[in-house]
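*Asks:* Could you have a look at this structure, given as structure tokens, before my questions?
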Amino acid sequence: MRLAPIQRHATAASSSAGASSQATSTTTRVASRFQSLPPSASSRQVEQSSRGTLTAEEVLGFRDEFPILDQSVYGDKPLVYLDNAATSQKPRRVLRAMEEYYEEYNSNVHRGVHALSAKATDRYEQARDKVAAFVGAGSSRDVVFTRNASEAINLVAYTWGLDNLGEGDEVVLTVAEHHSNIVPWQMLSQRNKFDVKFAGLDPKTQSLDLDGLRNLITPKTKLVSFGHVSNVLGSVNPVEEIVAAARQGAHPDCKILLDACQSVPHMPTSFPDLGVDFAVCSGHKMCAPTGIGFLWGKPEVLEAMPPFMGGGEMIQDVYQTHSTFAKPPGKFEAGTPAICEAIGLGEACDYLAEIGMGRVEEFEHEIGAYMYRELVEKIEGIEIYGPSPDQAPRAALAAFNVEGLHATDVSMILDQYGIAVRSGHHCTQPLHQYLGINASARASLYLYNTKEEVDQFVSKLSETIEFFRGG
């Protein structure tokens with residue numbers, strides 16, 4: 001009986017503990033596995049972007065790929081999903097890829113010699129390749145899978161931060177940060193006794209006060225961490241200018257972390273080109289499943305960081321007296337990973353790259369500006385937070401309040417019409433406090449939303465206001 005050869009990806013983590021020869025073999029495979037990546041996803045994005053913005057017909061075609069959108073709620077109300085800044089919906093090809101994993105090759109990855117494990121390992125590591133290409137990484141070794149962006153930030157905080165931030169040091173954030181980019185640094189500061197400082201907003205535009213941020217950066221600054229796009233203000237932060245300010249005025253060892261959760265799903269993004277040291281993202285906002293996200297880091301920075309958690313997968317060898325650890329990214333991925341979710345994320349990267357992120361960005365600028373104008377022109381007493389489209393490019397979202405009405409009440413009535421928006425503080429309580437409000441309602445768009453849906457939202461918002469005011 002002749003056995004067919006099994007083709008395998010080399011493992012991201014090391015081989016099992018204590019087997020020196022196997023460890024040596026694994027090291028060789030790892031070295032050959034993590035090569036510089038061809039710019040496959042980036043090239044496709046550029047190529048597709050040359051076709052111009054998405055057409056109305058294409059958007060309708062996209063909607064057919066998202067089965068959840070084809071439904072009615074409360075009996076006969078067609079669903080209008082405008083909560084994409086919280087999570088996006090998933091196309092059929094992502095759902096199929098995940099289903100195929102469980103139906104055809106469900107197995108644990110790395111170290112297994114049987115066919116199912118080999119195929120699962122291949123697909124898992126191919127997903128890492130796809131993510132790396134999608135964000136412009138030079139190697140898939142620079143991409144660490146996590147549960148979400150929150151875990152990715154905590155990973156940085158409790159590895160690099162734990163070792164490098166101490167008494168007398170400063171961390172500079174912005175008041176518009178998601179709680180995930182505030183709370184870990186506050187918790188660590190209580191332990192390591194460094195200071196956390198916040199840059200405010202330009203009162204004219206309600207976008208980042210760049211001069212104020214520059215003034216906060218001193219030779220004591222060891223970390224500058226900020227969001228690429230605000231999930232409330234819709235503002236796009238000038239990454240290159242912030243990086244330049246940090247490189248010029250901060251401590252020589254200062255690191256820069258970018259929260260890219262609201263940018264990677266909506267625009268072409270190359271982390272190395274932006275000049276940051278770390279970047280984080282969650283898959284569920286970019287057509288991938290929940291439970292998977294990633295950290296990108298400069299290779300020399302990741303190499304110098306200690307492990308995040310201990311356990312299987314992240315080791316090189318384990319002895320009774322000590323352990324040695326795998327190279328990145330395996331060093332940071334203890335235990336059985338979210339295999340199916342990672343495969344879904346890779347498929348989502350393929351899906352978005354084939355559409356072209358430049359085209360997505362242009363479409364969203366157009367439909368986002370349309371929604372902003374319609375709200376301003378047709379809804380009396382509305383206040384939309386963040387810069388207007390005439391002041392600066394902004395994301396396709398609108399966080400707002402209507403004079404005299406509570407955001408949650410407005411959102412609940414809109415829900416009765418089938419309009420799904422979000423209300424509350426959107427995990428940005430410091431920003432809401434800064435703006436002098438308790439909550440806001442937020443409508444956020446994606447590549448499958450239409451102008452007709454925007455019109456319906458604006459119309460039903462007007463009816464909602466009339467309901468509360470007894471009109």
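By order in the structure tokens, chains are A, B, ...; within a chain, residues start at 1; ligands start at 1, following the order shown.
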If you take only C-alpha atoms and a cut-off of 9 Å, which residues of stretch 333-409 of chain A touch stretch 423-438 of chain A, and what are their nearest atom pairs and distances in Å to one decimal, in chain and number order, as a tab-separated table?
*Replies:*
```
residue	atom	partner	partner_atom	distance
A:Tyr385	CA	A:Leu435	CA	8.8
A:Ala399	CA	A:Ser423	CA	8.8
A:Ala407	CA	A:Ser423	CA	5.8
A:Thr408	CA	A:Ser423	CA	5.3
A:Asp409	CA	A:Ser423	CA	8.8
```
*Asks:* If you keep all heavy atoms, can you produce a file of those selected residues as a CSV table (one decimal), in the first residue's frame?
*Replies:*
```
chain,number,residue,atom,x,y,z
A,385,TYR,N,-22.5,64.4,16.1
A,385,TYR,CA,-21.2,64.7,16.7
A,385,TYR,C,-20.1,64.4,15.7
A,385,TYR,O,-20.2,63.5,14.9
A,385,TYR,CB,-21.0,63.8,18.0
A,385,TYR,CG,-22.1,64.1,19.0
A,385,TYR,CD1,-23.2,63.2,19.1
A,385,TYR,CD2,-22.2,65.3,19.7
A,385,TYR,CE1,-24.2,63.5,20.0
A,385,TYR,CE2,-23.2,65.6,20.5
A,385,TYR,CZ,-24.2,64.7,20.7
A,385,TYR,OH,-25.3,65.0,21.5
A,399,ALA,N,-23.4,59.6,15.0
A,399,ALA,CA,-23.8,59.5,16.3
A,399,ALA,C,-24.5,60.9,16.6
A,399,ALA,O,-24.0,61.9,16.4
A,399,ALA,CB,-22.7,59.3,17.3
A,407,ALA,N,-31.7,59.2,23.7
A,407,ALA,CA,-31.2,58.4,22.6
A,407,ALA,C,-31.8,57.0,22.6
A,407,ALA,O,-32.2,56.4,21.5
A,407,ALA,CB,-29.7,58.3,22.6
A,408,THR,N,-31.9,56.4,23.8
A,408,THR,CA,-32.5,55.1,23.8
A,408,THR,C,-33.9,55.0,23.5
A,408,THR,O,-34.4,54.1,22.8
A,408,THR,CB,-32.3,54.5,25.3
A,408,THR,OG1,-30.9,54.5,25.6
A,408,THR,CG2,-32.8,53.1,25.4
A,409,ASP,N,-34.7,56.0,23.9
A,409,ASP,CA,-36.1,56.1,23.5
A,409,ASP,C,-36.2,56.2,21.9
A,409,ASP,O,-37.1,55.5,21.3
A,409,ASP,CB,-36.8,57.3,24.1
A,409,ASP,CG,-36.9,57.1,25.6
A,409,ASP,OD1,-36.9,56.0,26.1
A,409,ASP,OD2,-37.0,58.2,26.3
```
*Asks:* At a cut-off of 6 Å, using only C-alpha atoms, what residues contact A:Ala199? Leave out same-chain residues fewer than 5 positions from it and give the result as a PDB file with all heavy atoms, in the first residue's frame.
*Replies:*
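Okay, this is what ended up in out-v3.pdb:
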```pdb
ATOM      1  N   THR A 174      -6.233  59.634  23.630  1.00  0.00           N
ATOM      2  CA  THR A 174      -7.157  60.713  23.298  1.00  0.00           C
ATOM      3  C   THR A 174      -8.463  60.471  24.029  1.00  0.00           C
ATOM      4  O   THR A 174      -8.795  59.336  24.402  1.00  0.00           O
ATOM      5  CB  THR A 174      -7.439  60.830  21.784  1.00  0.00           C
ATOM      6  OG1 THR A 174      -8.477  59.892  21.427  1.00  0.00           O
ATOM      7  CG2 THR A 174      -6.191  60.549  20.958  1.00  0.00           C
ATOM      8  N   VAL A 175      -9.221  61.535  24.230  1.00  0.00           N
ATOM      9  CA  VAL A 175     -10.476  61.425  24.967  1.00  0.00           C
ATOM     10  C   VAL A 175     -11.523  60.637  24.193  1.00  0.00           C
ATOM     11  O   VAL A 175     -12.527  60.200  24.754  1.00  0.00           O
ATOM     12  CB  VAL A 175     -11.001  62.839  25.325  1.00  0.00           C
ATOM     13  CG1 VAL A 175     -11.574  63.527  24.084  1.00  0.00           C
ATOM     14  CG2 VAL A 175     -12.008  62.792  26.446  1.00  0.00           C
ATOM     15  N   LEU A 213      -2.440  67.483  21.471  1.00  0.00           N
ATOM     16  CA  LEU A 213      -1.747  66.206  21.613  1.00  0.00           C
ATOM     17  C   LEU A 213      -0.241  66.406  21.560  1.00  0.00           C
ATOM     18  O   LEU A 213       0.510  65.828  22.354  1.00  0.00           O
ATOM     19  CB  LEU A 213      -2.212  65.231  20.538  1.00  0.00           C
ATOM     20  CG  LEU A 213      -1.595  63.835  20.594  1.00  0.00           C
ATOM     21  CD1 LEU A 213      -2.632  62.759  20.287  1.00  0.00           C
ATOM     22  CD2 LEU A 213      -0.423  63.691  19.631  1.00  0.00           C
TER      23      LEU A 213
END
```
*Asks:* Between atom CA of A:Cys349 and atom CA of A:Ser235, what is the distance, to one decimal in Å?
*Replies:*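 Atom-to-atom, atom CA of A:Cys349 to atom CA of A:Ser235, that is 24.0 Å.
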*Asks:* Can you list, as a ChimeraX atom specification, all residues belonging to stretch 169-286 of chain A that DSSP tags as alpha helix (DSSP H)?
*Replies:* /A:183-192,210-216,239-249,271-274
*Asks:* Let's have the selection written as an mmCIF file, in the first residue's frame, with N, CA and C atoms.
*Replies:*
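Contents of part_30.cif, as written:
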```cif
data_model
loop_
_atom_site.group_PDB
_atom_site.id
_atom_site.type_symbol
_atom_site.label_atom_id
_atom_site.label_comp_id
_atom_site.auth_asym_id
_atom_site.auth_seq_id
_atom_site.Cartn_x
_atom_site.Cartn_y
_atom_site.Cartn_z
ATOM 1 N N VAL A 183 -8.957 51.363 29.521
ATOM 2 C CA VAL A 183 -8.977 50.587 30.761
ATOM 3 C C VAL A 183 -7.691 49.773 30.971
ATOM 4 N N PRO A 184 -7.154 49.076 29.953
ATOM 5 C CA PRO A 184 -5.907 48.327 30.205
ATOM 6 C C PRO A 184 -4.766 49.211 30.703
ATOM 7 N N TRP A 185 -4.669 50.426 30.157
ATOM 8 C CA TRP A 185 -3.583 51.324 30.576
ATOM 9 C C TRP A 185 -3.845 51.879 31.968
ATOM 10 N N GLN A 186 -5.109 52.133 32.297
ATOM 11 C CA GLN A 186 -5.426 52.568 33.657
ATOM 12 C C GLN A 186 -5.094 51.471 34.670
ATOM 13 N N MET A 187 -5.483 50.239 34.354
ATOM 14 C CA MET A 187 -5.208 49.130 35.263
ATOM 15 C C MET A 187 -3.703 48.938 35.453
ATOM 16 N N LEU A 188 -2.966 48.996 34.356
ATOM 17 C CA LEU A 188 -1.519 48.803 34.455
ATOM 18 C C LEU A 188 -0.852 49.975 35.173
ATOM 19 N N SER A 189 -1.397 51.176 34.995
ATOM 20 C CA SER A 189 -0.810 52.348 35.655
ATOM 21 C C SER A 189 -0.949 52.256 37.173
ATOM 22 N N GLN A 190 -2.022 51.642 37.647
ATOM 23 C CA GLN A 190 -2.181 51.460 39.088
ATOM 24 C C GLN A 190 -1.112 50.531 39.644
ATOM 25 N N ARG A 191 -0.659 49.635 38.811
ATOM 26 C CA ARG A 191 0.366 48.674 39.239
ATOM 27 C C ARG A 191 1.780 49.218 39.056
ATOM 28 N N ASN A 192 2.023 49.875 37.918
ATOM 29 C CA ASN A 192 3.381 50.321 37.583
ATOM 30 C C ASN A 192 3.629 51.797 37.839
ATOM 31 N N LEU A 210 -4.938 68.265 17.489
ATOM 32 C CA LEU A 210 -3.591 67.772 17.208
ATOM 33 C C LEU A 210 -2.528 68.592 17.937
ATOM 34 N N ASP A 211 -2.716 69.901 17.984
ATOM 35 C CA ASP A 211 -1.748 70.734 18.707
ATOM 36 C C ASP A 211 -1.748 70.382 20.193
ATOM 37 N N GLY A 212 -2.933 70.139 20.730
ATOM 38 C CA GLY A 212 -3.012 69.749 22.129
ATOM 39 C C GLY A 212 -2.299 68.436 22.392
ATOM 40 N N LEU A 213 -2.440 67.483 21.471
ATOM 41 C CA LEU A 213 -1.747 66.206 21.613
ATOM 42 C C LEU A 213 -0.241 66.406 21.560
ATOM 43 N N ARG A 214 0.208 67.242 20.616
ATOM 44 C CA ARG A 214 1.651 67.512 20.520
ATOM 45 C C ARG A 214 2.185 68.072 21.840
ATOM 46 N N ASN A 215 1.403 68.926 22.462
ATOM 47 C CA ASN A 215 1.848 69.537 23.712
ATOM 48 C C ASN A 215 1.909 68.540 24.862
ATOM 49 N N LEU A 216 1.132 67.475 24.774
ATOM 50 C CA LEU A 216 1.152 66.450 25.819
ATOM 51 C C LEU A 216 2.357 65.533 25.712
ATOM 52 N N VAL A 239 -2.751 59.894 11.206
ATOM 53 C CA VAL A 239 -1.789 58.965 11.803
ATOM 54 C C VAL A 239 -0.355 59.426 11.573
ATOM 55 N N GLU A 240 -0.036 59.799 10.345
ATOM 56 C CA GLU A 240 1.346 60.162 10.035
ATOM 57 C C GLU A 240 1.809 61.359 10.858
ATOM 58 N N GLU A 241 0.926 62.330 11.079
ATOM 59 C CA GLU A 241 1.304 63.508 11.857
ATOM 60 C C GLU A 241 1.469 63.160 13.333
ATOM 61 N N ILE A 242 0.629 62.279 13.839
ATOM 62 C CA ILE A 242 0.756 61.857 15.232
ATOM 63 C C ILE A 242 2.047 61.066 15.425
ATOM 64 N N VAL A 243 2.341 60.187 14.475
ATOM 65 C CA VAL A 243 3.582 59.416 14.540
ATOM 66 C C VAL A 243 4.790 60.355 14.521
ATOM 67 N N ALA A 244 4.763 61.351 13.641
ATOM 68 C CA ALA A 244 5.884 62.297 13.555
ATOM 69 C C ALA A 244 6.062 63.050 14.865
ATOM 70 N N ALA A 245 4.947 63.456 15.482
ATOM 71 C CA ALA A 245 5.036 64.175 16.753
ATOM 72 C C ALA A 245 5.642 63.296 17.836
ATOM 73 N N ALA A 246 5.249 62.025 17.855
ATOM 74 C CA ALA A 246 5.782 61.111 18.866
ATOM 75 C C ALA A 246 7.264 60.838 18.637
ATOM 76 N N ARG A 247 7.645 60.632 17.387
ATOM 77 C CA ARG A 247 9.054 60.342 17.099
ATOM 78 C C ARG A 247 9.938 61.543 17.420
ATOM 79 N N GLN A 248 9.382 62.720 17.281
ATOM 80 C CA GLN A 248 10.169 63.928 17.507
ATOM 81 C C GLN A 248 10.256 64.304 18.986
ATOM 82 N N GLY A 249 9.136 64.185 19.722
ATOM 83 C CA GLY A 249 9.114 64.745 21.064
ATOM 84 C C GLY A 249 9.102 63.760 22.208
ATOM 85 N N PHE A 271 -0.265 48.887 7.671
ATOM 86 C CA PHE A 271 0.305 49.246 8.962
ATOM 87 C C PHE A 271 1.775 49.654 8.876
ATOM 88 N N PRO A 272 2.617 48.925 8.139
ATOM 89 C CA PRO A 272 4.015 49.367 8.068
ATOM 90 C C PRO A 272 4.161 50.765 7.481
ATOM 91 N N ASP A 273 3.349 51.094 6.494
ATOM 92 C CA ASP A 273 3.448 52.418 5.874
ATOM 93 C C ASP A 273 3.028 53.530 6.826
ATOM 94 N N LEU A 274 2.181 53.218 7.798
ATOM 95 C CA LEU A 274 1.721 54.231 8.743
ATOM 96 C C LEU A 274 2.771 54.557 9.799
#
```
*Asks:* Between atom CA of A:Leu414 and atom CA of A:Glu463, measure the distance and give it in Å to one decimal.
*Replies:*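 Result for atom CA of A:Leu414 versus atom CA of A:Glu463: 9.1 Å, one decimal.
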*Asks:* Mind giving me the straight-line distance from atom CA of A:Asn231 to atom CA of A:Arg92 in Å, one decimal?
*Replies:*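 Pair atom CA of A:Asn231 / atom CA of A:Arg92 returns 26.4 Å.
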*Asks:* Mind checking which residues fall within 7 Å of A:Met286, counting only C-alpha atoms, ignoring those fewer than 5 positions away in the same chain, and posting them as a VMD selection string?
*Replies:* chain A and resid 88 265 348
